[in-house]
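Structure record follows, encoded as structure tokens.
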Amino acid sequence: MTLLEVQALDAFYGDFQALFGISLEVADGETVAVIGANGAGKTTFLNCLVGLIDRRRGQIRFAGEPIVGEPAERISRLGLSLVPEGRLLFPSLNVEENLMMGALNRRPGAWTLARVYELFPVLGERRRQRPDQLSGGQQHMVAIGRALMSNPKLLLCDEISLGLAPLVVDQIYESLGSIRAEGASIVLVEQDVKRAAGAADRVYCLLKGRVTLHGQARGMGLDQLSRAYFGT
Amino acid sequence: MIWVETIINGVLYGGLYGLLGVGLALIVGVMRVVNLSHGEFIVLSAFLGVSLVGVVPWLHPLALLLPVALIAFVLGFVLQAVLINRVVTRPDPFAGILLTFGVAVVMRNLMVEVYGADPRHLQAGRLAQASAGIGDLHVGVLPLLILALSVALFTGLQLILTRTRFGRIVRATADHRDVVRLMGVNPGRVYNLVMGLSLALASVAGMLLAIRASFTPYSGVERLLVAFEVVVLGGLGTFWGAMLGGIALGVAELVGLRLDPNAGPLYAHLLFLVGVLLRPNGLFRGRS
């Protein structure tokens, strides 16, 4: 069953067009990677899905419902959750309060505060600390936990490996397994091609706002990906 | 002894100055808007108090604090929803400044139309003259009540912000207005409630100040100045800083008046100047 269906999506920042006719699908239970260089439009794409881009046109259907014209506050209730680029944790709130904010629009499901602390035990130890007292990896964990607290059907991850040491990235990517096991589908936006393609069922590649390649992750050669990524 | 009493009374009235500023600090901290009509709302609440006293003359003005605060809350909510929310999302801070400046001008002139330009006063009866004695020390009962009320309101505000779900949402919205939308929060609605709260606090300060000093529709500018000084002196974003800033100004004013009876609030303003020169970020480091 198709969970997310995007057709011919255009997006604009004022007069500047950032996305050109993006079409993409995510099936129930799938993990889809969206890769591309800086400026390719990956973050813009995710922001369109959650309703943060004002000027967009085309079709976006989530669980059968058209959401392209809806405001972010309403889309959040449908089961789409974003781990934003740069984490964007609330600096005035401690770890636990940040996680609780994610639970404001809670749907019934497995992800509770206790379950998130099980997934990331270090957060349980640091629950009263503020984000600026955490390491980069721990902040990523809070951002992911915050997105999970609403029990999303589809988890959108914007560059969750950015700026982290490889071992920490391993940890983060391991957690994706548990997230999948609880039933969420995942869209992974990454610059790290190997990571993303390794964790995903299917891959889309973006370049300058357009889809340049898509297909099964397993079948893709590095050459093929390289060409689509850099446009050579 | 007279000096000790003066300083104590300065502290007590300083609590009131803190209260004048905390509503402004809330707005600046949460939505980065400088509400130049804050002073006019302070004066308006005093006029509302005067009107209500006319309607229920058997009630002591202090009993009218709650109804006036409720009216001020609604006014703040509507002001934000209808006007200020239109400029909050703009990156240019001048839009908010100009808008609220315009609101202030309109309010000032409306108050002159409705109430006239004569100085008014809220009569507190015998309470205003009563003083408590501890040994040789005499301290006004009314200032004591005012300080107690100020501390209670400050504490209440802190508790709301740090211990309640609403407070969490307010702090998160102040941090990242767009990210909270991803959690289903409508920032505009949060701002409406915060502005209502800000003006409710200002209205209490306005009424209490009106018992102490007379006011006219033009007193708003003076009140705004004090509110600003309190917010900046205390440190942007800290509420207890605002309280202490207010106390410093209160003490400076009363001590200054003892030394130089014609000075008016000069010494308070001088203290502010020195304070800002020495510690530009305020007495306490707050969130910017």
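Ligands are numbered from 1 in the order shown, residues from 1 within each chain, and chains are lettered A, B, ... in the order they appear in the structure tokens.
Close contacts of Leu36 in chain B, defined as residues with an atom at most 10 Å away when counting only C-alpha atoms, with chain neighbours fewer than 4 positions off set aside, comprise Leu24, Glu40, Phe41, Gly96, Ile97, Leu98, Leu99, Thr100, Phe101, Gly102, Val103, Ala104, Val105, Gly220, Val221, Leu224, Leu225 and Phe228 of chain B.
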Keeping only N, CA and C atoms, write the selected residues to a file as an mmCIF file, in the first residue's frame.
data_model
loop_
_atom_site.group_PDB
_atom_site.id
_atom_site.type_symbol
_atom_site.label_atom_id
_atom_site.label_comp_id
_atom_site.auth_asym_id
_atom_site.auth_seq_id
_atom_site.Cartn_x
_atom_site.Cartn_y
_atom_site.Cartn_z
ATOM 1 N N LEU B 24 6.465 43.433 29.931
ATOM 2 C CA LEU B 24 7.216 43.794 28.735
ATOM 3 C C LEU B 24 8.290 42.755 28.447
ATOM 4 N N GLU B 40 0.740 52.733 27.849
ATOM 5 C CA GLU B 40 -0.659 53.175 27.719
ATOM 6 C C GLU B 40 -1.620 52.170 28.343
ATOM 7 N N PHE B 41 -1.307 50.867 28.220
ATOM 8 C CA PHE B 41 -2.171 49.878 28.850
ATOM 9 C C PHE B 41 -2.083 49.955 30.368
ATOM 10 N N GLY B 96 6.843 45.978 14.211
ATOM 11 C CA GLY B 96 6.192 45.881 15.514
ATOM 12 C C GLY B 96 6.281 47.187 16.289
ATOM 13 N N ILE B 97 7.437 47.824 16.192
ATOM 14 C CA ILE B 97 7.639 49.079 16.917
ATOM 15 C C ILE B 97 6.689 50.150 16.398
ATOM 16 N N LEU B 98 6.610 50.271 15.081
ATOM 17 C CA LEU B 98 5.739 51.295 14.503
ATOM 18 C C LEU B 98 4.274 51.021 14.815
ATOM 19 N N LEU B 99 3.892 49.741 14.683
ATOM 20 C CA LEU B 99 2.498 49.383 14.931
ATOM 21 C C LEU B 99 2.104 49.721 16.369
ATOM 22 N N THR B 100 2.928 49.276 17.332
ATOM 23 C CA THR B 100 2.557 49.512 18.720
ATOM 24 C C THR B 100 2.679 50.995 19.077
ATOM 25 N N PHE B 101 3.575 51.698 18.407
ATOM 26 C CA PHE B 101 3.643 53.145 18.615
ATOM 27 C C PHE B 101 2.325 53.779 18.199
ATOM 28 N N GLY B 102 1.814 53.348 17.061
ATOM 29 C CA GLY B 102 0.530 53.860 16.589
ATOM 30 C C GLY B 102 -0.598 53.530 17.551
ATOM 31 N N VAL B 103 -0.582 52.303 18.063
ATOM 32 C CA VAL B 103 -1.599 51.901 19.038
ATOM 33 C C VAL B 103 -1.535 52.816 20.258
ATOM 34 N N ALA B 104 -0.310 53.117 20.692
ATOM 35 C CA ALA B 104 -0.131 53.978 21.863
ATOM 36 C C ALA B 104 -0.734 55.358 21.624
ATOM 37 N N VAL B 105 -0.459 55.927 20.455
ATOM 38 C CA VAL B 105 -0.984 57.265 20.146
ATOM 39 C C VAL B 105 -2.512 57.259 20.143
ATOM 40 N N GLY B 220 1.598 57.455 30.247
ATOM 41 C CA GLY B 220 2.050 56.192 29.677
ATOM 42 C C GLY B 220 3.524 56.173 29.334
ATOM 43 N N VAL B 221 3.999 57.308 28.807
ATOM 44 C CA VAL B 221 5.407 57.354 28.388
ATOM 45 C C VAL B 221 6.342 57.128 29.578
ATOM 46 N N LEU B 224 6.259 53.531 30.558
ATOM 47 C CA LEU B 224 6.985 52.711 29.591
ATOM 48 C C LEU B 224 8.481 52.809 29.827
ATOM 49 N N LEU B 225 8.921 54.024 30.145
ATOM 50 C CA LEU B 225 10.344 54.241 30.408
ATOM 51 C C LEU B 225 10.819 53.388 31.572
ATOM 52 N N PHE B 228 10.959 49.742 30.522
ATOM 53 C CA PHE B 228 12.142 49.504 29.711
ATOM 54 C C PHE B 228 13.389 49.384 30.557
#
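Using only C-alpha atoms, the chain A residues found within 8 Å of chain B amount to Val50, Leu52, Ala72, Glu73, Arg74, Ile75, Ser76, Arg77, Ser81, Leu82, Leu88, Phe90, Pro91, Ser92, Leu93, Glu97, Met101, Gly102, Ala103, Leu104 and Asn105 of chain A.
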* Selection near Ala130 in chain B, 12 Å with only C-alpha atoms, sequence-local residues under 2 positions removed, as a ChimeraX atom specification -> /B:124-128,132-133,138-145
* From the list A:Glu182, A:Glu65, A:Asp201, A:Glu174, which residue is nearest Met220 in chain A when using only C-alpha atoms? ->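 The closest residue to Met220 in chain A is A:Asp201.
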* Asked: When DSSP works through the backbone of this structure, what residues of range 11-214 of chain B end up as strand (DSSP E), shown as a count of residues only?
  -> 8
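Taking CA of Ala165 in chain A and CA of Met141 in chain A as endpoints, the distance between them is 13.8 Å.
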* To do: Would you list, as a PyMOL selection string, the residues of range 13-152 of chain A that end up in helix (DSSP H, G or I) under DSSP run on this structure's backbone?
  => chain A and resi 42-50+72-78+95-105+113-119+121-125+131-133+136-148
Which residues come within 6 Å of Val83 in chain A, counting only C-alpha atoms, excluding same-chain residues fewer than 2 positions away, as a short mmCIF file (atom, residue, chain, number, x, y, z; two decimals) with N, CA and C atoms, in the first residue's frame?
data_model
loop_
_atom_site.label_atom_id
_atom_site.label_comp_id
_atom_site.auth_asym_id
_atom_site.auth_seq_id
_atom_site.Cartn_x
_atom_site.Cartn_y
_atom_site.Cartn_z
N ALA A 143 16.54 14.67 18.99
CA ALA A 143 15.73 15.09 17.84
C ALA A 143 14.93 13.92 17.28
N ILE A 144 15.58 12.75 17.19
CA ILE A 144 14.88 11.57 16.68
C ILE A 144 13.79 11.15 17.67
N ALA A 147 10.77 13.28 17.48
CA ALA A 147 9.92 12.98 16.32
C ALA A 147 9.15 11.68 16.53
N CYS A 157 13.77 11.88 8.05
CA CYS A 157 15.05 12.16 8.73
C CYS A 157 15.94 13.01 7.83
N ASP A 158 16.21 14.24 8.25
CA ASP A 158 17.02 15.15 7.44
C ASP A 158 18.46 15.16 7.94
#
* Skip Tyr218 in chain B itself and residues of its chain fewer than 3 positions away, then list as a PyMOL selection string all residues within 12 Å of it, counting only C-alpha atoms. => chain B and resi 37+39-44+47+104-112+115-120+214-215+221-224
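Proximity ranking of A:Pro152, A:Cys48, A:Ala33, A:Ala18 relative to Val193 in chain A places A:Ala33 first, based on only C-alpha atoms.
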* Which of these, A:Arg210, A:Leu164, A:Ala184, A:Ala196, has the shortest distance to Thr44 in chain A once you count only C-alpha atoms? -> A:Arg210
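Considering the residues A:Arg146, A:Gln17, A:Val26, A:Gln133 and counting only C-alpha atoms, Ile186 in chain A has its shortest atom-to-atom contact with A:Val26.
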* Point-to-point distance from CA of Val82 in chain B to CA of Ala210 in chain B, Å rounded to tenths ->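 We find that CA of Val82 in chain B and CA of Ala210 in chain B lie 28.8 Å from each other.
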* To do: Write out as a PyMOL selection string which residues come within 8 Å of range 4-19 of chain B when counting only C-alpha atoms, dropping same-chain ones fewer than 2 positions away.
  => chain B and resi 1-2+21-23+137-140+143-144+146-147+150-151+154+201-202+205+208-209+226-227+230+242-255+258
* Contacts of His214 in chain A at 10 Å (only C-alpha atoms; same-chain gap of 6+ positions) as a PyMOL selection string -> chain A and resi 24+33-34+202-206+220+225+228
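You will find CA of Arg32 in chain B at 29.3 Å from CA of Phe45 in chain A.
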